[in-house]
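Below you'll find the structure, written out as structure tokens, and then a few comments.
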Amino acid sequence: MTLPVPTTSATAVDWTALRNFATLRGQLRVSLTPVCNLKCWFCHNEGDVPPPFTHLNRDAEPRSRELAADDYVNVLRELIGAGLKRVYFTGGEPLASPLAQPVLTRLPVRAPDVSYTLITNGMLVRRHQDWLATTGLDKVKVSLHYFSDESFRAIAQTRSPLATVLDGIEAAREVCEQVELNTLVQRENAHELHDILAFALERRLPVQFIELVDTDFNADRKSSAIGAQGIIDHLRTLTRDEDTEVSGVGQGRRIFRVDGIEIDVIHRELGRHHVGQCGTCPLRAKCIEGFWALRLDHAGGIQPCLLREDLRMDVRTLLAAPETIPAAVAEHVSAFTEGTL
């Protein structure tokens with residue numbers, strides 16, 4: 001089910017919920033494609049059918065692409081103008097999309113309080129390095145869930161060598177001042193977490209360790225999920241500089257600083273930010289994220305929750321007049337936070 005676009009006029013919209021979300025550092029996650037050159041077993045594909053599931057079930061196809069590069073640029077301009085400031089480009093693998101270059105080289109708003117981050121598996125960064133250097137990206141986050149060819153194959157179901165990812169990290173460092181790593185904590189890489197951390201610290205790269213987000217697509221791999229306490233205990237042997245952050249949106253995190261390098265651990269024990277619709281949500285028991293991101297997908301949908309496709313709003317009818325989208329999104333967010341959807 002996809003919800004219709006709200007019909008309330010822009011002048012009648014209460015912007016409070018959307019602006020509060022932005023003030024609390026809520027993200028706008030923009031999926032350029034559901035396609036990826038890896039098949040990581042835990043992939044949630046921003047709410048679309050993930051590559052490993054499509055590989056096993058040929059009749060389970062992701063949504064068709066409905067947005068053009070101009071649509072992305074126009075929607076971004078309007079939503080940033082409405083107050084959303086933190087934009088993350090995702091997929092799938094965003095660099096696998098033919099829209100990556102025409103969108104990322106035309107980022108519509110440049111301002112000190114607006115940030116653009118590319119989230120990538122690193123495999124294609126070297127290939128696209130020349131034009132990536134011309135974008136206004138503030139940060140590149142590279143997923144590094146493995147530290148050997150064996151774990152790379154086990155987790156990402158690929159025959160490619162890990163060296164391709166490591167080279168992608170170096171290529172990102174050559175074109176972007178801020179490069180960070182993110183690592184999903186799991187049984188398949190538990191023996192390599194210290195190595196990944198050491199790799200990051202040696203290169204002075206921030207890294208974020210993340211606990212598994214349960215979805216219907218990874219329900220048969222619950223035994224792979226492990227908590228983050230092990231890496232937290234290890235970090236405490238390296239530094240006494242530790243803070244916790246539970247304000248804002250999303251899940252609480254522990255922040256460590258080792259020789260000036262920030263290491264984040266997304267830790268479910270710190271709680272999460274649930275609002276409005278979350279209170280009666282049937283999936284709340286397995287949700288560890290709460291409301292922390294609005295997701296714009298390549299098919300023209302916007303949803304406030306990864307686990308609730310029924311809360312997805314289709315904005316394709318507004319693309320001819322993108323200036324009408326912020327009011328519709330604001331009304332949708334307000335209804336979600338008030339629990340009236």
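Letters A, B, ... mark the chains of the structure tokens in the order given; residue numbers begin at 1 per chain; ligand numbers begin at 1, in order shown.
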Query - Those in segment 70-274 of chain A with strand (DSSP E) from DSSP, as a PyMOL selection string - result: chain A and resi 86-90+115-120+139-143+179-184+207-210+242-245+253-258+261-266
Do you have, as CSV, the list of residues of segment 94-151 of chain A lying at most 12 Å from segment 59-72 of chain A, each with its nearest atom pair and that distance in Å to one decimal, counting only C-alpha atoms and ordered by chain then number?
residue,atom,partner,partner_atom,distance
A:Ser97,CA,A:Arg65,CA,10.4
A:Pro98,CA,A:Ala69,CA,9.2
A:Leu99,CA,A:Ala69,CA,5.8
A:Ala100,CA,A:Ala69,CA,8.3
A:Gln101,CA,A:Ala69,CA,9.0
A:Pro102,CA,A:Ala69,CA,6.1
A:Val103,CA,A:Ala69,CA,5.5
A:Leu104,CA,A:Ala69,CA,9.3
A:Thr105,CA,A:Ala69,CA,10.4
A:Arg106,CA,A:Ala69,CA,9.1
A:Leu107,CA,A:Tyr72,CA,9.4
A:Pro108,CA,A:Tyr72,CA,9.7
Please produce a file of those selected residues containing N, CA, C and O atoms, as a short mmCIF file (atom, residue, chain, number, x, y, z; two decimals), in the first residue's frame.
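Final file, selection20.cif:
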data_model
loop_
_atom_site.label_atom_id
_atom_site.label_comp_id
_atom_site.auth_asym_id
_atom_site.auth_seq_id
_atom_site.Cartn_x
_atom_site.Cartn_y
_atom_site.Cartn_z
N SER A 97 24.32 3.53 -10.52
CA SER A 97 23.21 4.18 -11.21
C SER A 97 23.72 5.13 -12.29
O SER A 97 24.65 5.90 -12.06
N PRO A 98 23.09 5.12 -13.47
CA PRO A 98 23.46 6.10 -14.50
C PRO A 98 23.12 7.52 -14.09
O PRO A 98 23.57 8.48 -14.72
N LEU A 99 22.32 7.67 -13.03
CA LEU A 99 21.96 9.01 -12.56
C LEU A 99 22.96 9.58 -11.56
O LEU A 99 22.85 10.74 -11.18
N ALA A 100 23.91 8.76 -11.12
CA ALA A 100 24.84 9.23 -10.10
C ALA A 100 25.57 10.49 -10.54
O ALA A 100 25.60 11.49 -9.81
N GLN A 101 26.19 10.47 -11.70
CA GLN A 101 26.95 11.64 -12.14
C GLN A 101 26.07 12.86 -12.38
O GLN A 101 26.38 13.95 -11.87
N PRO A 102 24.96 12.74 -13.14
CA PRO A 102 24.15 13.95 -13.36
C PRO A 102 23.48 14.51 -12.12
O PRO A 102 23.13 15.69 -12.09
N VAL A 103 23.30 13.70 -11.08
CA VAL A 103 22.73 14.22 -9.84
C VAL A 103 23.83 14.78 -8.94
O VAL A 103 23.75 15.92 -8.46
N LEU A 104 24.88 14.02 -8.71
CA LEU A 104 25.90 14.41 -7.75
C LEU A 104 26.75 15.59 -8.22
O LEU A 104 27.35 16.28 -7.40
N THR A 105 26.80 15.81 -9.53
CA THR A 105 27.54 16.97 -10.03
C THR A 105 26.65 18.20 -10.15
O THR A 105 27.11 19.27 -10.58
N ARG A 106 25.38 18.07 -9.71
CA ARG A 106 24.45 19.21 -9.78
C ARG A 106 23.76 19.41 -8.43
O ARG A 106 22.59 19.77 -8.38
N LEU A 107 24.47 19.20 -7.36
CA LEU A 107 23.87 19.37 -6.04
C LEU A 107 23.35 20.80 -5.93
O LEU A 107 24.10 21.75 -6.11
N PRO A 108 22.06 20.96 -5.60
CA PRO A 108 21.41 22.25 -5.84
C PRO A 108 21.65 23.33 -4.81
O PRO A 108 21.47 24.51 -5.10
#
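Between atom CA of Gly276 of chain A and atom CA of Arg25 of chain A there is a distance of 17.9 Å.
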**Report entry** Polymer residues at most 9 Å from Lys139 of chain A, only C-alpha atoms, same-chain spacing of 3 or more positions, as a VMD selection string
**Finding:** chain A and resid 115 to 119 176 to 180
Requested in this report: Name all residues at most 9 Å from segment 181-193 of chain A (count only C-alpha atoms; drop same-chain ones fewer than 5 positions away) and give them as a PyMOL selection string.
Outcome: chain A and resi 42+140-148+151+154-155+169+198+200+205-212+223-228+230-231
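Interatomic distance, atom CA of Asp14 of chain A to atom CA of Pro112 of chain A: 26.2 Å.
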Query raised in the report: Quick one: residues within 12 Å of Leu294 of chain A, only C-alpha atoms counted, chain neighbours fewer than 3 positions away excluded, as a ChimeraX atom specification?
Result: /A:18,21-22,25-31,46-47,79,84-88,249-250,290-291,297,301-306,308,311-313,329-330,332-333,336
Query raised in the report: Which residue, A:Asp195, A:Asp214, A:Asp243, A:Asp113, has the smallest gap to Gly83 of chain A when you use only C-alpha atoms?
Result: A:Asp113
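Rounded to one decimal, atom CA of Thr239 of chain A and atom CA of Val258 of chain A lie 5.8 Å from each other.
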Give me the segment 171-285 of chain A side of the contact with segment 124-128 of chain A, cut-off 12 Å, one line per residue showing its nearest atom pair and distance in Å at one decimal, counting only C-alpha atoms, sorted by chain and residue number, as a Markdown table.
| residue | atom | partner | partner_atom | distance |
| --- | --- | --- | --- | --- |
| A:Ala171 | CA | A:Arg126 | CA | 5.4 |
| A:Ala172 | CA | A:Val125 | CA | 6.5 |
| A:Arg173 | CA | A:Val125 | CA | 10.2 |
| A:Glu174 | CA | A:Arg126 | CA | 9.7 |
| A:Val175 | CA | A:Val125 | CA | 9.7 |
| A:Cys176 | CA | A:Val125 | CA | 11.2 |
Requested in this report: Give the alpha helix (DSSP H) residues of segment 78-234 of chain A, as DSSP finds them on the backbone, and put them as number ranges by chain.
Outcome: A: 78-81, 100-104, 129-132, 149-156, 162-175, 193-202, 229-234
For those residues, write C-alpha atoms to a file as an mmCIF file, in the first residue's frame.
data_model
loop_
_atom_site.group_PDB
_atom_site.id
_atom_site.type_symbol
_atom_site.label_atom_id
_atom_site.label_comp_id
_atom_site.auth_asym_id
_atom_site.auth_seq_id
_atom_site.Cartn_x
_atom_site.Cartn_y
_atom_site.Cartn_z
ATOM 1 C CA GLU A 78 12.778 22.100 -2.427
ATOM 2 C CA LEU A 79 13.235 19.812 0.593
ATOM 3 C CA ILE A 80 16.495 21.473 1.605
ATOM 4 C CA GLY A 81 14.760 24.817 1.251
ATOM 5 C CA ALA A 100 24.841 9.227 -10.095
ATOM 6 C CA GLN A 101 26.950 11.637 -12.145
ATOM 7 C CA PRO A 102 24.155 13.949 -13.362
ATOM 8 C CA VAL A 103 22.731 14.220 -9.838
ATOM 9 C CA LEU A 104 25.903 14.415 -7.746
ATOM 10 C CA GLN A 129 37.031 9.183 -9.399
ATOM 11 C CA ASP A 130 37.485 11.967 -11.970
ATOM 12 C CA TRP A 131 33.935 13.274 -11.896
ATOM 13 C CA LEU A 132 33.495 12.583 -8.181
ATOM 14 C CA ASP A 149 38.665 -12.290 0.946
ATOM 15 C CA GLU A 150 36.993 -15.108 2.891
ATOM 16 C CA SER A 151 34.689 -12.879 4.925
ATOM 17 C CA PHE A 152 34.062 -10.691 1.851
ATOM 18 C CA ARG A 153 32.758 -13.749 0.002
ATOM 19 C CA ALA A 154 30.738 -14.963 2.989
ATOM 20 C CA ILE A 155 29.067 -11.629 3.660
ATOM 21 C CA ALA A 156 28.789 -10.023 0.212
ATOM 22 C CA LEU A 162 38.803 -7.274 -0.831
ATOM 23 C CA ALA A 163 41.638 -5.251 -2.358
ATOM 24 C CA THR A 164 39.069 -3.614 -4.671
ATOM 25 C CA VAL A 165 37.221 -2.167 -1.679
ATOM 26 C CA LEU A 166 40.431 -1.059 0.037
ATOM 27 C CA ASP A 167 41.524 0.673 -3.160
ATOM 28 C CA GLY A 168 38.111 2.341 -3.318
ATOM 29 C CA ILE A 169 38.711 3.745 0.140
ATOM 30 C CA GLU A 170 42.034 5.202 -0.988
ATOM 31 C CA ALA A 171 40.397 6.605 -4.133
ATOM 32 C CA ALA A 172 37.739 8.274 -1.982
ATOM 33 C CA ARG A 173 40.446 9.830 0.193
ATOM 34 C CA GLU A 174 42.027 11.308 -2.924
ATOM 35 C CA VAL A 175 38.852 13.143 -3.955
ATOM 36 C CA LEU A 193 36.486 -6.108 14.017
ATOM 37 C CA HIS A 194 39.758 -5.254 15.768
ATOM 38 C CA ASP A 195 41.553 -5.388 12.404
ATOM 39 C CA ILE A 196 38.993 -3.079 10.804
ATOM 40 C CA LEU A 197 39.385 -0.656 13.699
ATOM 41 C CA ALA A 198 43.183 -0.772 13.457
ATOM 42 C CA PHE A 199 42.967 -0.139 9.693
ATOM 43 C CA ALA A 200 40.758 2.898 10.309
ATOM 44 C CA LEU A 201 42.947 4.322 13.070
ATOM 45 C CA GLU A 202 46.130 3.855 11.049
ATOM 46 C CA GLN A 229 29.413 -4.877 23.562
ATOM 47 C CA GLY A 230 32.566 -6.680 22.424
ATOM 48 C CA ILE A 231 33.849 -3.790 20.333
ATOM 49 C CA ILE A 232 32.781 -1.348 23.075
ATOM 50 C CA ASP A 233 34.862 -3.263 25.620
ATOM 51 C CA HIS A 234 37.844 -3.223 23.247
#
Report summary line: Among A:Thr120, A:Gln251, A:Thr54, A:Gln277, Ala96 of chain A is approached most closely, using only C-alpha atoms, by A:Thr120
Tell me which protein, DNA and RNA residues are within 12 Å of Gly279 of chain A, counting only C-alpha atoms, leaving out same-chain ones fewer than 5 positions away, and put them as a compact mmCIF listing (two decimals) with N, CA and C atoms, in the first residue's frame.
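This went into around_11.txt:
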# COMPACT_ATOMS: atom_id res chain seq x y z
N HIS A 273 14.53 6.79 19.17
CA HIS A 273 13.60 7.92 19.15
C HIS A 273 12.31 7.47 18.47
N HIS A 274 11.30 7.11 19.24
CA HIS A 274 10.00 6.72 18.71
C HIS A 274 9.01 7.85 18.91
N ARG A 284 7.03 -2.44 16.38
CA ARG A 284 7.88 -1.70 17.32
C ARG A 284 8.82 -2.62 18.09
N ALA A 285 8.37 -3.80 18.42
CA ALA A 285 9.18 -4.70 19.25
C ALA A 285 10.52 -5.04 18.60
N CYS A 287 11.96 -3.05 16.20
CA CYS A 287 12.56 -1.85 15.63
C CYS A 287 13.63 -1.31 16.58
N GLY A 290 13.71 3.56 15.30
CA GLY A 290 12.82 4.68 15.52
C GLY A 290 12.77 5.57 14.29
N PHE A 291 12.32 6.80 14.47
CA PHE A 291 12.16 7.73 13.35
C PHE A 291 13.39 8.63 13.26
N PHE A 336 2.41 11.52 10.66
CA PHE A 336 3.15 10.38 11.23
C PHE A 336 3.50 10.62 12.69
N THR A 337 4.05 11.80 12.98
CA THR A 337 4.49 12.08 14.35
C THR A 337 3.31 12.23 15.31
N GLU A 338 2.15 12.60 14.78
CA GLU A 338 0.96 12.71 15.62
C GLU A 338 0.18 11.41 15.70
N GLY A 339 0.63 10.39 14.92
CA GLY A 339 -0.03 9.09 14.97
C GLY A 339 -1.36 9.04 14.29
N THR A 340 -1.59 9.92 13.29
CA THR A 340 -2.90 9.95 12.64
C THR A 340 -2.89 9.35 11.24
